[in-house]
Structures are given as C-alpha cells and as structure tokens.
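Next up, structure_30.csv (CSV, C-alpha atoms):
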chain,number,residue,atom,x,y,z
A,11,MET,CA,-23.5,21.5,14.2
A,12,THR,CA,-23.7,21.4,10.4
A,13,LEU,CA,-21.0,19.2,9.0
A,14,THR,CA,-19.5,19.6,5.5
A,15,PRO,CA,-20.9,16.7,3.4
A,16,SER,CA,-18.5,14.1,2.1
A,17,GLU,CA,-17.7,14.4,-1.6
A,18,ALA,CA,-16.4,10.9,-1.5
A,19,ARG,CA,-19.8,9.5,-0.4
A,20,GLN,CA,-21.5,11.4,-3.3
A,21,ARG,CA,-19.0,10.1,-5.8
A,22,LEU,CA,-19.2,6.5,-4.6
A,23,ASN,CA,-23.0,6.6,-4.7
A,24,ALA,CA,-22.9,8.0,-8.2
A,25,ALA,CA,-20.5,5.3,-9.4
A,26,ALA,CA,-22.6,2.6,-7.7
A,27,GLN,CA,-25.6,3.7,-9.7
A,28,GLU,CA,-23.8,2.8,-12.9
A,29,ARG,CA,-22.4,-0.7,-12.2
A,30,VAL,CA,-21.4,-3.2,-9.6
A,31,LEU,CA,-18.2,-1.9,-7.9
A,32,ILE,CA,-15.2,-4.0,-6.9
A,33,PHE,CA,-13.6,-4.1,-3.5
A,34,ASP,CA,-10.1,-5.6,-2.9
A,35,GLY,CA,-9.1,-8.9,-1.3
A,36,ALA,CA,-7.1,-10.1,1.7
A,37,PHE,CA,-3.8,-8.6,2.8
A,38,GLY,CA,-2.9,-11.3,5.4
A,39,THR,CA,-2.6,-14.2,3.1
A,40,GLN,CA,-0.8,-12.2,0.5
A,41,ILE,CA,1.8,-11.1,3.1
A,42,GLN,CA,2.2,-14.7,4.3
A,43,GLU,CA,3.0,-15.8,0.8
A,44,ARG,CA,6.0,-13.4,0.8
A,45,LYS,CA,7.6,-15.3,3.8
A,46,LEU,CA,9.1,-12.2,5.4
A,47,SER,CA,11.7,-12.4,8.1
A,48,GLU,CA,11.6,-10.9,11.6
A,49,GLN,CA,13.9,-8.2,10.3
A,50,ASP,CA,11.4,-7.3,7.6
A,51,TYR,CA,8.8,-6.7,10.2
A,52,ALA,CA,11.0,-5.1,12.9
A,53,GLY,CA,13.0,-2.7,10.6
A,54,ASP,CA,15.0,-0.2,12.6
A,55,LEU,CA,12.1,0.8,14.9
A,56,GLY,CA,13.9,-0.7,17.9
A,57,LEU,CA,10.8,-2.1,19.5
A,58,PRO,CA,11.4,-4.5,22.5
A,59,ALA,CA,9.2,-7.3,21.3
A,60,ASP,CA,9.3,-9.7,18.4
A,61,GLN,CA,7.4,-8.2,15.4
A,62,LYS,CA,7.0,-11.2,13.1
A,63,GLY,CA,3.3,-11.5,12.3
A,64,ASN,CA,2.6,-7.8,12.9
A,65,ASN,CA,1.3,-7.2,9.4
A,66,ASP,CA,0.2,-3.7,10.1
A,67,ILE,CA,3.7,-2.4,11.0
A,68,LEU,CA,4.9,-3.2,7.5
A,69,ALA,CA,3.6,0.2,6.4
A,70,LEU,CA,6.6,1.6,8.3
A,71,THR,CA,9.2,-1.1,7.9
A,72,ARG,CA,8.4,-2.6,4.4
A,73,PRO,CA,6.0,-0.1,2.7
A,74,ASP,CA,7.1,-1.6,-0.6
A,75,VAL,CA,5.3,-4.8,0.3
A,76,ILE,CA,2.0,-3.1,1.1
A,77,GLU,CA,2.3,-0.9,-2.0
A,78,GLU,CA,2.9,-4.0,-4.1
A,79,ILE,CA,-0.2,-5.8,-2.7
A,80,THR,CA,-2.4,-2.7,-3.0
A,81,ARG,CA,-1.3,-2.1,-6.6
A,82,SER,CA,-2.1,-5.8,-7.5
A,83,TYR,CA,-5.7,-5.3,-6.4
A,84,LEU,CA,-6.0,-2.1,-8.4
A,85,GLU,CA,-4.6,-3.9,-11.4
A,86,ALA,CA,-7.2,-6.6,-10.8
A,87,GLY,CA,-10.0,-4.0,-11.1
A,88,SER,CA,-10.7,-2.7,-7.6
A,89,ASP,CA,-12.7,0.5,-7.3
A,90,VAL,CA,-12.4,0.6,-3.5
A,91,ILE,CA,-9.2,-0.4,-1.7
A,92,SER,CA,-8.6,-0.8,2.0
A,93,THR,CA,-5.7,0.1,4.2
A,94,ASN,CA,-3.6,-2.7,5.8
A,95,THR,CA,-4.7,-1.5,9.3
A,96,PHE,CA,-7.0,-4.3,10.6
A,97,SER,CA,-5.0,-4.5,13.9
A,98,ALA,CA,-3.4,-1.1,13.9
A,99,ASN,CA,-5.0,0.0,17.2
A,100,ARG,CA,-3.6,0.4,20.7
A,101,ILE,CA,-5.2,-2.8,22.0
A,102,SER,CA,-3.9,-5.1,19.2
A,103,GLN,CA,-0.5,-3.5,19.0
A,104,ALA,CA,0.1,-4.1,22.7
A,105,ASP,CA,0.8,-7.7,21.8
A,106,TYR,CA,3.9,-6.4,20.0
A,107,ALA,CA,4.8,-3.5,22.4
A,108,ALA,CA,4.0,-1.2,19.5
A,109,GLU,CA,1.3,1.0,21.0
A,110,ASP,CA,3.3,4.1,20.4
A,111,GLN,CA,3.4,3.3,16.6
A,112,VAL,CA,-0.4,3.3,16.1
A,113,ALA,CA,-0.7,6.8,14.7
A,114,ALA,CA,2.4,6.4,12.4
A,115,ILE,CA,1.1,3.0,11.1
A,116,ASN,CA,-2.3,4.4,10.2
A,117,ILE,CA,-1.0,7.6,8.6
A,118,ALA,CA,1.5,5.7,6.5
A,119,SER,CA,-1.0,3.1,5.4
A,120,GLY,CA,-3.5,5.8,4.5
A,121,LYS,CA,-0.9,7.6,2.4
A,122,ILE,CA,0.1,4.4,0.6
A,123,ALA,CA,-3.5,3.6,-0.4
A,124,ARG,CA,-4.3,7.3,-1.2
A,125,ALA,CA,-1.4,7.7,-3.5
A,126,LEU,CA,-2.1,4.5,-5.5
A,127,ALA,CA,-5.8,5.3,-5.7
A,128,ASP,CA,-5.1,8.7,-7.1
A,129,GLU,CA,-2.5,7.3,-9.5
A,130,TYR,CA,-5.0,4.8,-11.0
A,131,ALA,CA,-7.8,7.3,-11.1
A,132,ALA,CA,-5.6,9.7,-13.0
A,133,LYS,CA,-4.8,6.9,-15.6
A,134,ASP,CA,-8.3,6.3,-16.7
A,135,GLY,CA,-10.5,8.8,-15.1
A,136,ARG,CA,-12.4,6.2,-13.1
A,137,PRO,CA,-12.6,7.2,-9.4
A,138,ARG,CA,-10.9,5.0,-6.8
A,139,PHE,CA,-11.8,5.1,-3.2
A,140,VAL,CA,-9.9,4.4,0.0
A,141,ALA,CA,-11.5,2.7,3.0
A,142,GLY,CA,-9.5,3.0,6.3
A,143,ALA,CA,-9.9,-0.5,7.8
A,144,ILE,CA,-10.6,-0.8,11.6
A,145,GLY,CA,-10.9,-4.3,13.0
A,146,PRO,CA,-12.8,-5.4,16.1
A,147,THR,CA,-9.8,-5.8,18.4
A,148,ASN,CA,-9.5,-8.9,20.5
A,149,LYS,CA,-11.8,-7.4,23.2
A,150,THR,CA,-15.6,-7.7,23.5
A,151,LEU,CA,-17.9,-5.2,25.2
A,152,SER,CA,-20.9,-7.5,25.3
A,153,LEU,CA,-19.4,-10.7,26.7
A,154,SER,CA,-17.3,-11.6,29.7
A,155,PRO,CA,-14.0,-13.5,29.0
A,156,ASP,CA,-14.4,-15.1,32.5
A,157,VAL,CA,-17.0,-17.8,32.6
A,158,GLU,CA,-17.0,-17.6,36.4
A,159,ASP,CA,-17.9,-13.9,36.3
A,160,PRO,CA,-20.4,-13.0,33.5
A,161,GLY,CA,-20.5,-9.4,34.6
A,162,TYR,CA,-16.7,-8.8,34.1
A,163,ARG,CA,-15.4,-6.8,31.1
A,164,GLU,CA,-11.8,-6.3,30.1
A,165,ILE,CA,-12.6,-2.9,28.7
A,166,ASP,CA,-15.5,-0.4,28.8
A,167,PHE,CA,-17.3,1.5,26.0
A,168,ASP,CA,-15.4,4.8,26.6
A,169,GLU,CA,-12.0,3.1,26.5
A,170,LEU,CA,-12.8,1.3,23.2
A,171,THR,CA,-14.2,4.5,21.7
A,172,ALA,CA,-11.0,6.3,22.5
A,173,VAL,CA,-8.9,3.5,21.0
A,174,TYR,CA,-11.0,3.7,17.8
A,175,LYS,CA,-10.9,7.4,17.7
A,176,GLU,CA,-7.1,7.5,17.8
A,177,GLN,CA,-7.0,5.1,14.8
A,178,ALA,CA,-9.7,6.8,12.8
A,179,ALA,CA,-8.1,10.2,13.2
A,180,ALA,CA,-4.8,8.9,11.9
A,181,LEU,CA,-6.4,7.2,9.0
A,182,VAL,CA,-8.2,10.4,8.1
A,183,GLU,CA,-4.9,12.3,8.3
A,184,GLY,CA,-3.5,9.7,5.9
A,185,GLY,CA,-6.1,10.5,3.4
A,186,VAL,CA,-8.8,7.8,3.5
A,187,ASP,CA,-12.3,8.5,2.2
A,188,PHE,CA,-14.2,6.3,4.6
A,189,ILE,CA,-13.7,4.5,7.9
A,190,LEU,CA,-14.5,0.8,7.4
A,191,ILE,CA,-15.6,-0.8,10.7
A,192,GLU,CA,-15.3,-4.4,9.6
A,193,THR,CA,-15.5,-8.0,10.8
A,194,VAL,CA,-17.9,-6.9,13.5
A,195,PHE,CA,-18.4,-9.9,15.9
A,196,ASP,CA,-19.8,-7.7,18.7
A,197,THR,CA,-22.4,-5.1,17.8
A,198,LEU,CA,-21.5,-3.0,20.8
A,199,ASN,CA,-17.9,-2.8,19.6
A,200,ALA,CA,-19.2,-1.5,16.3
A,201,LYS,CA,-21.2,1.2,18.2
A,202,ALA,CA,-18.0,2.3,19.9
A,203,GLY,CA,-16.5,2.6,16.5
A,204,ILE,CA,-19.4,4.7,15.3
A,205,MET,CA,-19.2,6.9,18.4
A,206,ALA,CA,-15.5,7.4,17.7
A,207,VAL,CA,-16.1,8.6,14.2
A,208,LYS,CA,-19.0,10.9,15.3
A,209,GLN,CA,-16.6,12.5,17.9
A,210,LEU,CA,-14.0,12.9,15.2
A,211,GLU,CA,-16.5,14.5,12.8
A,212,ALA,CA,-17.4,17.1,15.5
A,213,GLU,CA,-13.8,18.0,15.9
A,214,LEU,CA,-13.1,18.2,12.1
A,215,GLY,CA,-16.4,19.9,11.2
A,216,ARG,CA,-16.9,17.6,8.3
A,217,GLU,CA,-18.5,14.3,7.6
A,218,VAL,CA,-16.4,11.1,7.8
A,219,PRO,CA,-18.5,8.4,6.3
A,220,VAL,CA,-18.5,4.9,7.7
A,221,MET,CA,-18.7,1.6,6.1
A,222,ILE,CA,-19.9,-1.2,8.4
A,223,SER,CA,-19.4,-4.9,7.9
A,224,MET,CA,-20.7,-7.7,10.2
A,225,THR,CA,-19.2,-11.2,10.5
A,226,LEU,CA,-21.2,-14.2,11.3
A,227,THR,CA,-20.1,-16.9,13.8
A,228,ASP,CA,-22.5,-19.6,12.9
A,229,LEU,CA,-24.7,-20.6,10.0
A,230,SER,CA,-27.9,-19.5,11.7
A,231,GLY,CA,-26.8,-15.9,10.8
A,232,ARG,CA,-25.8,-14.4,14.1
A,233,ASN,CA,-22.6,-12.7,15.2
A,234,LEU,CA,-20.8,-13.5,18.5
A,235,SER,CA,-23.0,-11.0,20.5
A,236,GLY,CA,-26.0,-12.9,19.2
A,237,HIS,CA,-27.5,-10.5,16.7
A,238,THR,CA,-29.1,-11.5,13.5
A,239,VAL,CA,-28.2,-9.6,10.3
A,240,GLU,CA,-31.6,-7.8,10.5
A,241,ALA,CA,-31.1,-6.8,14.1
A,242,PHE,CA,-27.6,-5.7,13.4
A,243,TRP,CA,-28.8,-3.4,10.7
A,244,TYR,CA,-31.4,-1.8,12.9
A,245,ALA,CA,-28.8,-1.3,15.6
A,246,VAL,CA,-26.4,0.6,13.4
A,247,ARG,CA,-28.6,2.2,10.8
A,248,HIS,CA,-28.6,5.5,12.7
A,249,ALA,CA,-25.0,6.0,11.7
A,250,LYS,CA,-26.1,6.4,8.1
A,251,PRO,CA,-23.3,4.2,6.8
A,252,VAL,CA,-22.3,4.6,3.1
A,253,THR,CA,-22.3,0.8,3.0
A,254,ILE,CA,-23.5,-2.1,5.1
A,255,GLY,CA,-22.6,-5.7,4.6
A,256,LEU,CA,-21.0,-9.0,5.5
A,257,ASN,CA,-17.4,-10.2,5.4
A,258,CYS,CA,-15.2,-13.0,6.5
A,259,SER,CA,-17.3,-15.7,8.3
A,260,PHE,CA,-17.7,-18.3,5.6
A,261,GLY,CA,-17.5,-18.6,1.9
A,262,ALA,CA,-20.0,-17.0,-0.5
A,263,ASP,CA,-22.2,-20.1,-0.6
A,264,GLN,CA,-22.9,-20.1,3.1
A,265,LEU,CA,-23.4,-16.3,3.2
A,266,ARG,CA,-26.0,-16.3,0.4
A,267,PRO,CA,-29.2,-16.4,2.5
A,268,HIS,CA,-27.9,-13.7,4.9
A,269,ILE,CA,-26.9,-11.4,2.0
A,270,GLN,CA,-30.4,-11.9,0.6
A,271,SER,CA,-32.0,-10.9,4.0
A,272,LEU,CA,-29.8,-7.8,4.4
A,273,SER,CA,-30.2,-6.7,0.8
A,274,ALA,CA,-34.0,-6.6,1.2
A,275,ILE,CA,-34.0,-4.2,4.1
A,276,ALA,CA,-30.8,-2.0,3.9
A,277,ASP,CA,-31.5,1.4,2.4
A,278,THR,CA,-27.9,2.0,1.6
A,279,LEU,CA,-25.2,0.4,-0.5
A,280,LEU,CA,-24.5,-3.3,0.3
A,281,MET,CA,-20.8,-4.4,0.2
A,282,ALA,CA,-20.0,-8.1,0.6
A,283,TYR,CA,-16.6,-9.7,0.7
A,284,PRO,CA,-16.6,-13.4,1.8
A,285,ASN,CA,-13.7,-15.7,2.4
A,286,ALA,CA,-12.5,-17.8,-0.4
A,287,GLY,CA,-14.5,-20.7,0.8
A,288,LEU,CA,-14.0,-22.6,4.0
A,289,PRO,CA,-10.4,-23.3,5.3
A,290,ASN,CA,-9.1,-26.9,4.9
A,291,GLU,CA,-7.6,-28.9,7.8
A,292,LEU,CA,-4.4,-26.9,7.5
A,293,GLY,CA,-6.2,-23.6,7.8
A,294,GLU,CA,-5.6,-22.8,4.1
A,295,TYR,CA,-8.1,-21.7,1.5
A,296,ASP,CA,-8.5,-23.8,-1.6
A,297,GLU,CA,-11.5,-22.2,-3.4
A,298,LEU,CA,-10.4,-21.2,-6.9
A,299,PRO,CA,-11.0,-17.7,-8.2
A,300,ASP,CA,-13.6,-18.8,-10.8
A,301,THR,CA,-15.6,-20.6,-8.1
A,302,THR,CA,-15.7,-17.5,-5.9
A,303,ALA,CA,-16.6,-15.3,-8.9
A,304,PHE,CA,-19.4,-17.7,-9.9
A,305,LEU,CA,-20.9,-17.6,-6.5
A,306,VAL,CA,-20.8,-13.8,-5.9
A,307,ARG,CA,-22.1,-13.2,-9.5
A,308,GLN,CA,-25.3,-14.9,-8.4
A,309,TRP,CA,-25.8,-12.1,-5.8
A,310,ALA,CA,-25.2,-9.5,-8.5
A,311,GLU,CA,-27.6,-11.2,-10.9
A,312,LYS,CA,-30.3,-11.1,-8.3
A,313,GLY,CA,-29.6,-7.5,-7.5
A,314,GLN,CA,-28.4,-8.2,-4.0
A,315,ALA,CA,-25.0,-6.4,-3.8
A,316,ASN,CA,-23.5,-3.1,-4.9
A,317,ILE,CA,-19.8,-3.8,-4.1
A,318,LEU,CA,-18.1,-7.2,-4.2
A,319,GLY,CA,-14.7,-8.3,-3.0
A,320,GLY,CA,-12.9,-11.0,-1.0
A,321,CYS,CA,-11.7,-11.6,2.5
A,322,CYS,CA,-9.5,-14.3,4.0
A,323,GLY,CA,-7.8,-16.5,1.3
A,324,SER,CA,-8.7,-14.2,-1.5
A,325,SER,CA,-6.1,-12.9,-3.9
A,326,PRO,CA,-5.7,-10.5,-6.8
A,327,ALA,CA,-6.7,-13.5,-9.0
A,328,HIS,CA,-10.0,-13.8,-7.1
A,329,ILE,CA,-10.7,-10.1,-7.4
A,330,LYS,CA,-9.9,-10.1,-11.1
A,331,ALA,CA,-12.3,-13.0,-11.6
A,332,ILE,CA,-15.1,-11.3,-9.7
A,333,ALA,CA,-14.6,-8.1,-11.7
A,334,GLU,CA,-14.9,-10.0,-14.9
A,335,ALA,CA,-17.9,-12.0,-13.7
A,336,VAL,CA,-20.0,-9.1,-12.8
A,337,LYS,CA,-19.0,-6.8,-15.7
A,338,GLY,CA,-22.1,-5.4,-17.4
A,339,LEU,CA,-24.6,-6.5,-14.7
A,340,PRO,CA,-26.9,-3.8,-13.4
A,341,PRO,CA,-26.3,-2.5,-9.9
A,342,ARG,CA,-28.5,-3.3,-7.0
A,343,ALA,CA,-31.4,-0.9,-6.5
A,344,ILE,CA,-31.5,0.5,-3.0
A,345,PRO,CA,-34.9,-0.3,-1.4
A,346,THR,CA,-37.1,2.3,0.2
A,347,PRO,CA,-38.6,0.7,3.3
A,348,GLU,CA,-42.0,1.8,4.6
A,349,THR,CA,-41.8,4.1,7.6
A,350,ALA,CA,-42.1,2.0,10.8
A,351,MET,CA,-40.5,1.7,14.2
A,352,ARG,CA,-37.7,-0.8,13.8
A,353,LEU,CA,-36.0,-2.0,17.0
A,354,SER,CA,-33.0,-4.3,17.7
A,355,GLY,CA,-32.8,-6.9,20.4
A,356,LEU,CA,-30.9,-10.1,19.5
A,357,GLU,CA,-33.6,-10.3,16.7
A,358,ALA,CA,-35.3,-7.5,14.8
A,359,PHE,CA,-38.6,-6.2,16.0
A,360,VAL,CA,-40.8,-4.0,13.8
A,361,VAL,CA,-43.7,-2.2,15.4
A,362,ALA,CA,-46.7,-2.4,13.2
A,363,ALA,CA,-48.5,0.8,12.2
Any chance you could give the structure as structure tokens?
Amino acid sequence: MTLTPSEARQRLNAAAQERVLIFDGAFGTQIQERKLSEQDYAGDLGLPADQKGNNDILALTRPDVIEEITRSYLEAGSDVISTNTFSANRISQADYAAEDQVAAINIASGKIARALADEYAAKDGRPRFVAGAIGPTNKTLSLSPDVEDPGYREIDFDELTAVYKEQAAALVEGGVDFILIETVFDTLNAKAGIMAVKQLEAELGREVPVMISMTLTDLSGRNLSGHTVEAFWYAVRHAKPVTIGLNCSFGADQLRPHIQSLSAIADTLLMAYPNAGLPNELGEYDELPDTTAFLVRQWAEKGQANILGGCCGSSPAHIKAIAEAVKGLPPRAIPTPETAMRLSGLEAFVVAA
C-alpha cells in the first residue's frame, strides 16, 4: 500500500535545517502548582472513582488549565508542543475507572494543542507542530512483575498494541502532527506502539509519523529492559521515526554521554528533553532555568541535537531560557552511516562487511 506522505514531517525537517528547534516542558509539575481540587478533576463526568491526580482528564473537566499551560510554552518559544495525554490510555485510566473516557480525552487534548499551534503560527508565520504524547503505561512486555514466575506477563503484545492504537487514533482525530512514543523504559512496549501506528496508517491510507524517546534507568545508559541507547536505536530504526531521542531519566549533565552516542549514529532528527536536574529528598526539582539552558546549549554547540526541551520539573521559564541559549546556533547535521547489518540484542551488534 502506498501511503500519502506527511506534510508535517517535511515541514519539520525543513525547519530543523535552519536552526535548533524548541520542544515544550513538563505538564505534571505545572498542574501540581495550580493545587486543583477533586472537583476540578472530576467535573460533571460522574465517574465512580476519585479523579484527583488524573492530569489527563483535565482536558475534559478543566480545559482552560491545559490551554493556559500549553500557551505558556508557546510564549516561551516552543516550536513543537505535546498533548497532555501521557497516561490517557485504557490501562492507565483504569486506575481512575475512566477507561471509557480515553477517546474523548485524547481528542480534546489534540484539539487544544492544535488550535493553539495554529494560532501562534498565524501570528508570525513560523510553523508550530503538535506531538500526541503516548506514555509507556504501567505494564511491561519484557519483564515479569512476579519474581517467583519470570515467564508471567500481565499483558501481551497484541493487547498493548490495541491499547496504543485506540489512543493514537483519537490523537490523530484531534489533529496532532506526530505520535510521540515517549519515556520508553521497555523496548518491546515501544514496538507495540510502533505497530499500533502502522496499523492506523494502513486504515487511514496516510503516513502518521512517530517520534520515539527512550528513558534510561541507570547511569550505564540502559533502559529497564536492558537495552543501550545504540541497541534501542537499531531496534526501532525500521519505524523511520521523524525524531529519536532521550527524555526524563536524569538531568542534562548525566544524559550528556548518551546523547553524544545516539547523535553519532541516528540518521534522523534528535530530540532531547531531560529533567530539570535530579529531584531533591522531597521529590522536587531545584535546577534553575539558566543551569538547564547552559547544559543543553553544550549539546547544541557540539552539533548533537536538533530539538531541545524539558521533562519533569521543567517550566516555561526553563523553555524560554533554552530557546534563548541556543538561538543562532547551527542545527545538528544528520549523519549518513555506512551501509551495514546492524542488529539489536541488549547491546548493538554491527556485522562487518
């Protein structure tokens, strides 16, 4: 089947040839700062469970909050904004008895982001892009949650693919440009997300580009399923993602060597959005915007990133500081690797010619 190519991919690639682009920052910490009540979360949906902490459902019950946060990131200089849908899937929403709201949440979040992106693009002619965020869920396909039964899995590949497809379809209906499979701690989960998007593309008859972002669980540079950043890239490269990168995990200082490794081999755009440092003993993030901006600027100066933003603990002030810090720096040149067989175990394996 021949799919209609994505114009958004082409426009993003064109913009990334001109300068370092800016992603947005965290939603969760911004929502927490607003100290919303249970009623703010629950609205008039009449759900049987307590909704406080269900950040995704605010797209339905307090869309003004999500719009305000998204607007603040656009004001800070974001070229790419994400939807507040990290946990807007059937698995995660089961914790709140809100499984039946999944489609509505994603459509609403997509529409909020789309409208604001178009509004800001119309103001200055600079394109803005919307990434539909899909989190990893709280299930893992690669590992057993039962130490007594290593072969046990709470969910299988087809089930998770169906969960992701439901979410991705709703995000696309809401108007997103890309599906962002982010905070990947299990490479097989990411593959289920990729499969979901491929199935959706076949149904729609057009390309739905993916962005993929891995998260590390230790300083050696592996995710929870044990893959190095190089092995991870070789495991997902077949999806031809519009961006590959790292997010969450640690602060920019700790991610530096892993960004360097990924940048050298990934023949696509690299998007990195680290946490605002490491959390303190209270779980809060103390790294100041200028510090984060200084650290990620070093990546840009060395030609190691195309799109920069922030994850946990980051704020519009962090994004503004990053935008100012990288202004005028040349964008990363995408490498052209030599043709070779590149395989992925827990580590990368390249078959010599």
Between A:Ile204, A:Ala178, A:Val360, A:Ile317, smallest distance to Val90 (chain A) by only C-alpha atoms belongs to A:Ile317
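The interatomic distance for the pair CA of Val252 (chain A) and CA of Phe37 (chain A) works out to 22.7 Å.
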Provide the CA of Val186 (chain A) to CA of Ala123 (chain A) distance in Å, to one decimal place. 7.8 Å
Counting all atoms listed in the file, give me one row per residue of region 132-242 of chain A with an atom at most 9 Å from an atom of region 257-276 of chain A, showing the shortest contact pair and its distance in Å to one decimal, sorted by chain then residue number, as JSON lines.
{"residue": "A:Glu192", "atom": "CA", "partner": "A:Asn257", "partner_atom": "CA", "distance": 7.5}
{"residue": "A:Thr193", "atom": "CA", "partner": "A:Asn257", "partner_atom": "CA", "distance": 6.1}
{"residue": "A:Val194", "atom": "CA", "partner": "A:Asn257", "partner_atom": "CA", "distance": 8.8}
{"residue": "A:Ser223", "atom": "CA", "partner": "A:Asn257", "partner_atom": "CA", "distance": 6.2}
{"residue": "A:Met224", "atom": "CA", "partner": "A:Asn257", "partner_atom": "CA", "distance": 6.3}
{"residue": "A:Thr225", "atom": "CA", "partner": "A:Ser259", "partner_atom": "CA", "distance": 5.4}
{"residue": "A:Leu226", "atom": "CA", "partner": "A:Ser259", "partner_atom": "CA", "distance": 5.1}
{"residue": "A:Thr227", "atom": "CA", "partner": "A:Ser259", "partner_atom": "CA", "distance": 6.3}
{"residue": "A:Asp228", "atom": "CA", "partner": "A:Ser259", "partner_atom": "CA", "distance": 8.0}
{"residue": "A:Leu229", "atom": "CA", "partner": "A:Gln264", "partner_atom": "CA", "distance": 7.1}
{"residue": "A:Ser230", "atom": "CA", "partner": "A:His268", "partner_atom": "CA", "distance": 8.9}
{"residue": "A:Gly231", "atom": "CA", "partner": "A:His268", "partner_atom": "CA", "distance": 6.4}
{"residue": "A:Thr238", "atom": "CA", "partner": "A:His268", "partner_atom": "CA", "distance": 9.0}
{"residue": "A:Val239", "atom": "CA", "partner": "A:Leu272", "partner_atom": "CA", "distance": 6.4}
{"residue": "A:Glu240", "atom": "CA", "partner": "A:Leu272", "partner_atom": "CA", "distance": 6.4}
Residues as selected, C-alpha atoms, written as a short mmCIF file (atom, residue, chain, number, x, y, z; two decimals), in the coordinates of the input, can you do that?
data_model
loop_
_atom_site.label_atom_id
_atom_site.label_comp_id
_atom_site.auth_asym_id
_atom_site.auth_seq_id
_atom_site.Cartn_x
_atom_site.Cartn_y
_atom_site.Cartn_z
CA GLU A 192 -15.30 -4.40 9.60
CA THR A 193 -15.50 -8.00 10.80
CA VAL A 194 -17.90 -6.90 13.50
CA SER A 223 -19.40 -4.90 7.90
CA MET A 224 -20.70 -7.70 10.20
CA THR A 225 -19.20 -11.20 10.50
CA LEU A 226 -21.20 -14.20 11.30
CA THR A 227 -20.10 -16.90 13.80
CA ASP A 228 -22.50 -19.60 12.90
CA LEU A 229 -24.70 -20.60 10.00
CA SER A 230 -27.90 -19.50 11.70
CA GLY A 231 -26.80 -15.90 10.80
CA THR A 238 -29.10 -11.50 13.50
CA VAL A 239 -28.20 -9.60 10.30
CA GLU A 240 -31.60 -7.80 10.50
#
Which residues, written as a PyMOL selection string, have at least one atom at most 9 Å from region 70-84 of chain A, with all atoms listed in the file counted and residues fewer than 4 positions away on the same chain left out? chain A and resi 33-35+37+40-41+44+49-55+66+88-94+114-115+118-119+122-123+126-127+130+138+325-327+329-330
With C-alpha atoms kept, could you save the residues just selected as an mmCIF file, in the coordinates of the input?
data_model
loop_
_atom_site.group_PDB
_atom_site.id
_atom_site.type_symbol
_atom_site.label_atom_id
_atom_site.label_comp_id
_atom_site.auth_asym_id
_atom_site.auth_seq_id
_atom_site.Cartn_x
_atom_site.Cartn_y
_atom_site.Cartn_z
ATOM 1 C CA PHE A 33 -13.600 -4.100 -3.500
ATOM 2 C CA ASP A 34 -10.100 -5.600 -2.900
ATOM 3 C CA GLY A 35 -9.100 -8.900 -1.300
ATOM 4 C CA PHE A 37 -3.800 -8.600 2.800
ATOM 5 C CA GLN A 40 -0.800 -12.200 0.500
ATOM 6 C CA ILE A 41 1.800 -11.100 3.100
ATOM 7 C CA ARG A 44 6.000 -13.400 0.800
ATOM 8 C CA GLN A 49 13.900 -8.200 10.300
ATOM 9 C CA ASP A 50 11.400 -7.300 7.600
ATOM 10 C CA TYR A 51 8.800 -6.700 10.200
ATOM 11 C CA ALA A 52 11.000 -5.100 12.900
ATOM 12 C CA GLY A 53 13.000 -2.700 10.600
ATOM 13 C CA ASP A 54 15.000 -0.200 12.600
ATOM 14 C CA LEU A 55 12.100 0.800 14.900
ATOM 15 C CA ASP A 66 0.200 -3.700 10.100
ATOM 16 C CA SER A 88 -10.700 -2.700 -7.600
ATOM 17 C CA ASP A 89 -12.700 0.500 -7.300
ATOM 18 C CA VAL A 90 -12.400 0.600 -3.500
ATOM 19 C CA ILE A 91 -9.200 -0.400 -1.700
ATOM 20 C CA SER A 92 -8.600 -0.800 2.000
ATOM 21 C CA THR A 93 -5.700 0.100 4.200
ATOM 22 C CA ASN A 94 -3.600 -2.700 5.800
ATOM 23 C CA ALA A 114 2.400 6.400 12.400
ATOM 24 C CA ILE A 115 1.100 3.000 11.100
ATOM 25 C CA ALA A 118 1.500 5.700 6.500
ATOM 26 C CA SER A 119 -1.000 3.100 5.400
ATOM 27 C CA ILE A 122 0.100 4.400 0.600
ATOM 28 C CA ALA A 123 -3.500 3.600 -0.400
ATOM 29 C CA LEU A 126 -2.100 4.500 -5.500
ATOM 30 C CA ALA A 127 -5.800 5.300 -5.700
ATOM 31 C CA TYR A 130 -5.000 4.800 -11.000
ATOM 32 C CA ARG A 138 -10.900 5.000 -6.800
ATOM 33 C CA SER A 325 -6.100 -12.900 -3.900
ATOM 34 C CA PRO A 326 -5.700 -10.500 -6.800
ATOM 35 C CA ALA A 327 -6.700 -13.500 -9.000
ATOM 36 C CA ILE A 329 -10.700 -10.100 -7.400
ATOM 37 C CA LYS A 330 -9.900 -10.100 -11.100
#
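Distances here use all atoms listed in the file; by that measure, the residue among A:Glu169, A:Asp128, A:Glu176, A:Glu28 closest to Asn99 (chain A) is A:Glu176.
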Closest to Gly87 (chain A) among A:Ala331, A:Ala206, A:Ile117, A:Ala69, using only C-alpha atoms?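 Checking each candidate against Gly87 (chain A), we get A:Ala331 as the closest.
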Can you work out the spacing between CA of Ala18 (chain A) and CA of Thr95 (chain A) in Å, to one decimal? 20.2 Å
Considering all atoms listed in the file, state which residue in the set A:Ser235, A:Leu31, A:Ala104, A:Thr302 is at the smallest distance from Ser154 (chain A). A:Ser235
Write out as a PyMOL selection string which residues come within 8 Å of Leu279 (chain A) when counting only C-alpha atoms, dropping same-chain ones fewer than 5 positions away. chain A and resi 23+26+252-254+315-317+344
Find the residues near Gly323 (chain A): any atom within 8 Å, counting all atoms listed in the file, skip ones fewer than 6 places away on the same chain, and give them as a PyMOL selection string. chain A and resi 36+39+285-287+294-296
Which residue, A:Thr147, A:Thr301, A:Ser354, A:Ser97, has the smallest gap to Asn116 (chain A) when you use only C-alpha atoms?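 Nearest to Asn116 (chain A): A:Ser97.
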Best match for closeness to Arg307 (chain A) among A:Gly338, A:Leu288, A:Lys250, A:Cys321, counting all atoms listed in the file: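 Counting all atoms listed in the file, the residue closest to Arg307 (chain A) is A:Gly338.
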Contact residues around region 244-247 of chain A with only C-alpha atoms at 8 Å, ignoring same-chain residues under 6 positions, as a PyMOL selection string: chain A and resi 197+201+352-354+358
